[in-house]
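File shown: model_12.cif. Contents: mmCIF, C-alpha atoms.
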```cif
data_query
loop_
_atom_site.label_atom_id
_atom_site.label_comp_id
_atom_site.auth_asym_id
_atom_site.auth_seq_id
_atom_site.Cartn_x
_atom_site.Cartn_y
_atom_site.Cartn_z
CA MET W 1 57.71 106.48 102.20
CA ARG W 2 59.23 103.43 100.56
CA ARG W 3 62.10 105.52 99.17
CA THR W 4 62.78 106.98 102.60
CA LEU W 5 62.79 103.50 104.15
CA LEU W 6 65.11 102.22 101.42
CA ARG W 7 67.53 105.09 102.03
CA LEU W 8 67.54 104.35 105.75
CA VAL W 9 68.21 100.65 105.15
CA LEU W 10 71.05 101.42 102.73
CA ALA W 11 72.55 103.96 105.11
CA ALA W 12 72.47 101.42 107.93
CA PHE W 13 74.04 98.81 105.65
CA PHE W 14 76.95 101.01 104.61
CA ALA W 15 77.44 102.25 108.16
CA ALA W 16 77.68 98.64 109.30
CA GLY W 17 80.19 97.97 106.52
CA ARG W 18 82.35 100.85 107.63
CA HIS W 19 82.12 99.67 111.20
CA ALA W 20 83.20 96.17 110.18
CA LEU W 21 86.18 97.54 108.31
CA ALA W 22 87.14 99.58 111.35
CA ALA W 23 86.95 96.65 113.74
CA PRO W 24 90.03 96.11 115.94
CA VAL W 25 92.65 93.63 114.72
CA VAL W 26 94.83 91.42 116.93
CA VAL W 27 97.49 89.22 115.30
CA GLU W 28 100.46 87.30 116.75
CA ASP W 29 103.86 87.90 115.13
CA ALA W 30 106.99 85.72 114.83
CA THR W 31 108.14 86.62 118.35
CA GLY W 32 104.84 85.64 119.93
CA ALA W 33 103.91 89.29 120.53
CA LEU W 34 100.32 90.35 119.93
CA ILE W 35 100.01 93.24 117.49
CA GLU W 36 96.86 95.22 118.18
CA LEU W 37 95.45 97.74 115.71
CA ALA W 38 92.31 99.78 116.28
CA ALA W 39 91.44 99.13 112.62
CA PRO W 40 93.08 97.36 109.67
CA ALA W 41 96.25 99.10 108.53
CA ARG W 42 95.93 101.50 105.62
CA ARG W 43 99.52 102.77 105.46
CA ILE W 44 102.07 99.96 105.68
CA VAL W 45 105.86 100.13 105.47
CA SER W 46 107.59 96.84 104.63
CA LEU W 47 111.20 96.45 105.73
CA ALA W 48 111.79 92.97 104.27
CA PRO W 49 111.63 91.85 100.61
CA HIS W 50 109.75 88.66 101.51
CA ALA W 51 107.17 90.65 103.49
CA THR W 52 106.63 93.01 100.55
CA GLU W 53 105.85 90.03 98.32
CA LEU W 54 103.54 88.56 100.94
CA LEU W 55 101.64 91.83 101.36
CA PHE W 56 100.98 92.15 97.64
CA ALA W 57 99.97 88.49 97.39
CA ALA W 58 97.61 88.99 100.34
CA GLY W 59 95.80 91.77 98.47
CA ALA W 60 97.35 94.59 100.51
CA GLY W 61 99.59 96.08 97.83
CA ASP W 62 97.56 99.30 97.65
CA HIS W 63 98.28 99.92 101.32
CA VAL W 64 102.09 99.61 101.03
CA VAL W 65 103.58 103.13 101.14
CA GLY W 66 107.25 102.31 101.79
CA VAL W 67 109.59 99.39 101.14
CA LEU W 68 113.15 98.31 101.75
CA ALA W 69 115.39 98.38 98.67
CA PRO W 70 115.62 96.34 96.60
CA ALA W 71 111.93 95.52 96.38
CA ASP W 72 111.83 93.92 92.95
CA TRP W 73 108.69 91.79 93.09
CA PRO W 74 105.94 92.14 92.16
CA PRO W 75 106.62 94.81 89.51
CA GLU W 76 104.27 97.22 91.30
CA ALA W 77 106.59 97.18 94.31
CA LYS W 78 109.28 98.91 92.25
CA LEU W 79 107.10 102.04 92.22
CA VAL W 80 106.82 102.31 96.01
CA ALA W 81 109.02 104.75 97.97
CA ARG W 82 112.33 103.33 99.23
CA VAL W 83 112.98 103.86 102.93
CA GLY W 84 116.36 102.15 103.31
CA ASN W 85 118.34 99.07 102.43
CA ALA W 86 120.24 96.27 104.14
CA ALA W 87 122.82 98.79 105.37
CA GLY W 88 120.29 100.86 107.32
CA LEU W 89 116.94 102.62 107.44
CA ASP W 90 115.88 106.18 106.69
CA LEU W 91 113.90 106.72 109.88
CA GLU W 92 112.99 110.29 108.99
CA ARG W 93 111.39 109.16 105.75
CA ILE W 94 109.58 106.28 107.44
CA VAL W 95 108.09 108.61 110.04
CA ALA W 96 107.12 111.11 107.33
CA LEU W 97 105.07 108.40 105.60
CA GLU W 98 102.91 108.17 108.76
CA PRO W 99 102.57 104.38 108.72
CA ASP W 100 100.02 102.69 110.95
CA LEU W 101 101.99 99.43 110.62
CA VAL W 102 105.62 98.53 109.91
CA ILE W 103 106.59 94.97 108.92
CA VAL W 104 110.14 94.05 109.89
CA TRP W 105 112.61 91.17 109.64
CA PRO W 106 114.15 90.47 113.08
CA TYR W 107 117.76 90.57 111.83
CA LEU W 108 117.72 94.00 110.18
CA ALA W 109 118.65 97.19 112.05
CA PRO W 110 117.25 96.17 115.46
CA ALA W 111 118.34 99.42 117.13
CA GLN W 112 116.49 101.51 114.54
CA ILE W 113 113.42 99.28 114.83
CA ASP W 114 113.47 99.82 118.59
CA ARG W 115 113.45 103.57 117.98
CA LEU W 116 110.36 103.23 115.79
CA ARG W 117 108.70 101.10 118.45
CA ALA W 118 109.54 103.71 121.10
CA MET W 119 107.74 106.31 118.96
CA GLY W 120 104.57 104.25 119.25
CA THR W 121 104.73 102.70 115.78
CA ALA W 122 103.02 99.31 115.49
CA ILE W 123 105.72 96.76 114.58
CA PHE W 124 104.98 93.28 113.20
CA VAL W 125 107.96 90.90 113.09
CA SER W 126 107.82 88.58 110.08
CA ASP W 127 110.09 85.53 110.00
CA PRO W 128 108.48 82.41 108.44
CA ARG W 129 110.91 79.51 108.92
CA THR W 130 108.94 76.68 107.34
CA PRO W 131 106.93 76.38 104.11
CA ALA W 132 103.74 75.99 106.14
CA ALA W 133 104.53 79.18 108.06
CA ILE W 134 104.55 81.18 104.82
CA ALA W 135 100.88 80.36 104.26
CA VAL W 136 100.09 81.36 107.84
CA GLU W 137 101.96 84.64 107.32
CA LEU W 138 99.82 85.42 104.28
CA GLU W 139 96.73 85.06 106.46
CA ARG W 140 98.17 87.14 109.29
CA LEU W 141 99.15 90.00 106.99
CA GLY W 142 95.76 89.83 105.31
CA ALA W 143 94.11 90.20 108.70
CA LEU W 144 96.29 93.19 109.57
CA ALA W 145 95.57 94.88 106.24
CA GLY W 146 91.87 94.11 106.16
CA THR W 147 92.15 91.82 103.13
CA PRO W 148 91.41 88.41 104.69
CA VAL W 149 89.52 87.04 101.69
CA GLU W 150 92.35 87.68 99.22
CA ALA W 151 94.91 86.43 101.74
CA ALA W 152 92.97 83.23 102.39
CA ARG W 153 92.77 82.58 98.66
CA ALA W 154 96.53 83.06 98.24
CA ALA W 155 97.29 80.87 101.28
CA ALA W 156 95.04 78.09 99.97
CA ALA W 157 96.75 78.12 96.57
CA PHE W 158 100.17 78.04 98.26
CA ARG W 159 99.19 75.09 100.47
CA SER W 160 97.78 73.22 97.48
CA ARG W 161 101.07 73.45 95.60
CA LEU W 162 103.03 72.35 98.67
CA ALA W 163 100.73 69.36 99.11
CA ALA W 164 101.23 68.36 95.47
CA LEU W 165 105.01 68.31 95.97
CA ASP W 166 104.67 66.30 99.16
CA ARG W 167 102.49 63.69 97.44
CA HIS W 168 104.91 63.44 94.53
CA VAL W 169 107.96 62.52 96.59
CA SER W 170 106.31 60.51 99.36
CA SER W 171 107.50 57.14 98.01
CA LEU W 172 110.71 58.23 96.25
CA PRO W 173 114.24 57.45 97.47
CA ARG W 174 116.05 60.18 99.39
CA VAL W 175 118.85 62.16 97.72
CA ARG W 176 121.81 63.50 99.71
CA VAL W 177 122.12 67.19 98.80
CA PHE W 178 124.83 69.79 99.26
CA TYR W 179 123.28 73.23 98.79
CA GLU W 180 125.83 75.89 97.88
CA ILE W 181 125.03 79.54 98.54
CA TRP W 182 128.48 80.92 97.68
CA HIS W 183 131.87 79.55 96.76
CA GLN W 184 134.54 81.86 98.27
CA PRO W 185 134.20 81.50 101.16
CA LEU W 186 132.15 78.34 100.79
CA TYR W 187 128.71 78.80 102.38
CA THR W 188 125.86 76.34 102.77
CA ILE W 189 122.68 76.11 104.88
CA GLY W 190 122.07 74.56 108.28
CA GLY W 191 119.32 72.28 109.48
CA ALA W 192 116.89 74.98 110.64
CA HIS W 193 117.03 76.95 107.39
CA LEU W 194 113.95 77.32 105.19
CA ILE W 195 115.92 75.88 102.25
CA THR W 196 116.58 72.72 104.27
CA ALA W 197 112.81 72.42 104.67
CA ALA W 198 112.50 72.71 100.89
CA ILE W 199 115.11 69.99 100.39
CA ARG W 200 113.17 67.76 102.79
CA LEU W 201 109.92 68.57 101.00
CA CYS W 202 111.53 67.44 97.73
CA GLY W 203 112.65 64.13 99.18
CA GLY W 204 116.21 65.20 99.85
CA GLU W 205 118.55 65.24 102.81
CA ASN W 206 120.77 68.23 103.55
CA VAL W 207 124.25 66.79 104.13
CA PHE W 208 124.91 69.63 106.60
CA GLY W 209 121.51 69.43 108.24
CA GLN W 210 123.12 68.72 111.63
CA LEU W 211 124.60 72.24 111.75
CA SER W 212 122.66 74.79 113.81
CA LEU W 213 123.85 77.98 112.10
CA PRO W 214 121.47 79.20 109.36
CA ALA W 215 124.29 79.78 106.84
CA PRO W 216 127.51 78.11 108.02
CA SER W 217 130.86 78.29 106.26
CA VAL W 218 132.33 74.88 105.41
CA GLY W 219 135.48 73.60 103.77
CA VAL W 220 135.84 71.75 100.48
CA GLU W 221 137.14 68.77 102.44
CA ASP W 222 133.98 68.83 104.56
CA VAL W 223 131.82 68.65 101.44
CA LEU W 224 133.87 65.82 99.94
CA ALA W 225 133.55 63.86 103.18
CA THR W 226 129.73 64.00 103.06
CA ARG W 227 129.64 62.38 99.59
CA PRO W 228 126.62 64.33 98.29
CA GLU W 229 124.59 62.74 95.49
CA ALA W 230 123.53 66.15 94.20
CA ILE W 231 125.00 69.64 94.44
CA VAL W 232 122.60 72.55 94.04
CA ALA W 233 123.56 76.21 93.66
CA GLY W 234 121.17 79.07 94.29
CA THR W 235 121.76 82.15 92.10
CA ASP W 236 119.74 85.13 90.87
CA ASP W 237 117.47 84.02 88.02
CA ALA W 238 119.05 80.54 88.13
CA VAL W 239 122.07 81.67 86.08
CA ARG W 240 124.57 78.81 86.17
CA PRO W 241 127.75 79.97 87.94
CA ASP W 242 131.25 78.86 86.99
CA TRP W 243 131.88 77.80 90.58
CA LEU W 244 129.23 75.09 90.36
CA ASP W 245 131.12 73.32 87.58
CA ALA W 246 134.37 73.65 89.54
CA TRP W 247 133.24 70.55 91.45
CA LYS W 248 133.89 68.49 88.32
CA ARG W 249 137.55 68.19 89.29
CA TRP W 250 136.47 65.58 91.88
CA ARG W 251 135.26 62.97 89.43
CA THR W 252 134.55 60.26 91.99
CA LEU W 253 132.19 62.47 93.99
CA PRO W 254 128.72 60.91 93.48
CA ALA W 255 127.14 64.23 92.46
CA VAL W 256 129.83 64.71 89.81
CA ALA W 257 130.02 61.10 88.65
CA HIS W 258 126.27 61.09 87.94
CA GLY W 259 126.06 64.59 86.45
CA ASN W 260 124.00 65.96 89.34
CA LEU W 261 125.09 69.61 89.43
CA PHE W 262 122.03 71.85 89.40
CA VAL W 263 121.08 75.50 89.77
CA VAL W 264 117.84 77.06 91.06
CA ASP W 265 116.57 80.64 91.28
CA ALA W 266 117.62 82.14 94.61
CA ASN W 267 115.08 84.96 94.20
CA LEU W 268 112.38 82.33 94.59
CA LEU W 269 113.81 79.80 97.02
CA HIS W 270 115.75 82.12 99.33
CA ARG W 271 112.78 84.34 100.20
CA ALA W 272 110.04 83.28 102.58
CA GLY W 273 107.43 84.73 100.26
CA PRO W 274 104.66 83.46 98.00
CA ARG W 275 107.12 82.54 95.23
CA PHE W 276 108.99 80.15 97.53
CA VAL W 277 106.79 77.32 96.33
CA ALA W 278 107.88 77.99 92.74
CA GLY W 279 111.49 77.74 93.89
CA ALA W 280 110.67 74.49 95.69
CA GLU W 281 109.16 73.16 92.48
CA GLN W 282 112.42 73.96 90.67
CA LEU W 283 114.38 72.18 93.39
CA CYS W 284 112.09 69.14 93.31
CA SER W 285 112.49 68.94 89.53
CA ALA W 286 116.28 68.97 89.95
CA LEU W 287 116.16 66.19 92.54
CA ASP W 288 113.85 64.17 90.26
CA ARG W 289 116.55 64.38 87.59
CA ALA W 290 119.16 63.42 90.18
CA ARG W 291 117.22 60.24 91.03
CA GLU W 292 117.03 59.34 87.36
CA ASN W 293 120.79 59.86 87.00
CA LEU W 294 121.51 57.78 90.10
CA ARG W 295 119.77 54.68 88.74
#
```
Encoding of this model in structure tokens:
Amino acid sequence: MRRTLLRLVLAAFFAAGRHALAAPVVVEDATGALIELAAPARRIVSLAPHATELLFAAGAGDHVVGVLAPADWPPEAKLVARVGNAAGLDLERIVALEPDLVIVWPYLAPAQIDRLRAMGTAIFVSDPRTPAAIAVELERLGALAGTPVEAARAAAAFRSRLAALDRHVSSLPRVRVFYEIWHQPLYTIGGAHLITAAIRLCGGENVFGQLSLPAPSVGVEDVLATRPEAIVAGTDDAVRPDWLDAWKRWRTLPAVAHGNLFVVDANLLHRAGPRFVAGAEQLCSALDRARENLR
């Protein structure tokens, strides 16, 4: 009798567990739309490198069945099927994967995304524009994938590192920063860009922060007129480019006169993923050195 009762209790327990896992999920995306799933997603296609990193960090890596190339982090993402690149999507392959959720970036292939949406595919738009929003995105994706505990842990660790940076620079003098994305043509970042938020977090001021475009083109004369105290280049793996040192020809420029030409890893800082905080730490370290040099 006791064994029978125990089996009934265990059966009820596991049935309740399955029911909990199958509970409906409702999450708001970057556009304000509510994404409703009958149960947490088990087959996810990620069409943005930052979203792929966020999904793995949120504990949902096992549910990712398709990614946009290049998906180079974490290493496990390299093993997932490619379903397109920045030039376009392979809709046939995406549909064949039978995803119950597709994560998209709002600026990539909107017409193709609309076709997926018209087929009834659940679409979540991911576009974190502030450091704080990255932590929120971790939690949202964890909810969609049914991994809220892992996602909450990752979000808490991310917020803790952001808070440490904020405390560090709270009483330090501001540094005027020109952030260079590319040299020919010369591209920088505008005031609403995530990298500008990182500069602000590190106690810096983007000299082109008044510009509304995310990645505006500027002239050399424009840069010289702003008199930046530090020039920072973002490159893959923080490899120092020749074009960064080309600024040395203007010896009276404060950034040059004080030796404040720095490079950070674009793979970290340019993606709104969990490694952004590591990129911000690199940037903050560079601006710490800039302050020392400016004394």
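Residue nearest Cys284 (chain W), chosen from W:Cys202, W:Leu211, W:Leu116, W:Leu253 and counting only C-alpha atoms: W:Cys202.
Going from CA of Pro148 (chain W) over to CA of Ala81 (chain W), you cover 24.9 Å.
Look at Ala257 (chain W): the protein and nucleic acid residues within 9 Å of it, using all atoms listed in the file and passing over chain neighbours fewer than 5 places away, are W:Glu229, W:Lys248, W:Trp250, W:Arg251, W:Thr252.
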Given the file shown, enumerate the residues that the PyMOL selection byres ((chain W and resi 143) around 10) captures and present them as an mmCIF file with C-alpha atoms, in the coordinates of the input.
```
data_model
loop_
_atom_site.group_PDB
_atom_site.id
_atom_site.type_symbol
_atom_site.label_atom_id
_atom_site.label_comp_id
_atom_site.auth_asym_id
_atom_site.auth_seq_id
_atom_site.Cartn_x
_atom_site.Cartn_y
_atom_site.Cartn_z
ATOM 1 C CA VAL W 25 92.650 93.630 114.720
ATOM 2 C CA VAL W 26 94.830 91.420 116.930
ATOM 3 C CA VAL W 27 97.490 89.220 115.300
ATOM 4 C CA PRO W 40 93.080 97.360 109.670
ATOM 5 C CA ALA W 41 96.250 99.100 108.530
ATOM 6 C CA ALA W 58 97.610 88.990 100.340
ATOM 7 C CA ALA W 60 97.350 94.590 100.510
ATOM 8 C CA GLU W 137 101.960 84.640 107.320
ATOM 9 C CA LEU W 138 99.820 85.420 104.280
ATOM 10 C CA GLU W 139 96.730 85.060 106.460
ATOM 11 C CA ARG W 140 98.170 87.140 109.290
ATOM 12 C CA LEU W 141 99.150 90.000 106.990
ATOM 13 C CA GLY W 142 95.760 89.830 105.310
ATOM 14 C CA LEU W 144 96.290 93.190 109.570
ATOM 15 C CA ALA W 145 95.570 94.880 106.240
ATOM 16 C CA GLY W 146 91.870 94.110 106.160
ATOM 17 C CA THR W 147 92.150 91.820 103.130
ATOM 18 C CA PRO W 148 91.410 88.410 104.690
ATOM 19 C CA VAL W 149 89.520 87.040 101.690
ATOM 20 C CA GLU W 150 92.350 87.680 99.220
ATOM 21 C CA ALA W 151 94.910 86.430 101.740
ATOM 22 C CA ALA W 152 92.970 83.230 102.390
#
```
Mind checking which residues fall within 10 Å of Val175 (chain W), counting all atoms listed in the file, ignoring those fewer than 4 positions away in the same chain, and posting them as a ChimeraX atom specification?
-> /W:199-200,202-207,228-230,287-288,290-291,294
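CA of Ala164 (chain W) is found 16.2 Å from CA of Ile134 (chain W).
Excluding region 82-96 of chain W and any residue on its chain fewer than 3 positions from it, the residues at most 10 Å away by only C-alpha atoms are Ile44, Val45, Ser46, Leu47, Ala48, Val65, Gly66, Val67, Leu68, Ala69, Pro70, Ala71, Ala77, Lys78, Leu79, Pro99, Val102, Tyr107, Leu108, Ala109, Pro110, Gln112, Ile113, Arg115, Leu116, Met119 and Thr121 of chain W.
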Would you mind reading off the distance between CA of Asp127 (chain W) and CA of Arg153 (chain W), one decimal, in Å?
-> 20.9 Å
Picked residues, the PyMOL selection byres ((chain W and resi 122) around 8), as a list in words | Ile35, Glu36, Leu37, Asp100, Leu101, Val102, Arg117, Gly120, Thr121, Ile123 and Phe124 of chain W
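Candidate residues W:Leu268, W:Ala30, W:Leu261, W:Ala156 were compared for distance to Val104 (chain W), and the nearest is W:Ala30, using all atoms listed in the file.
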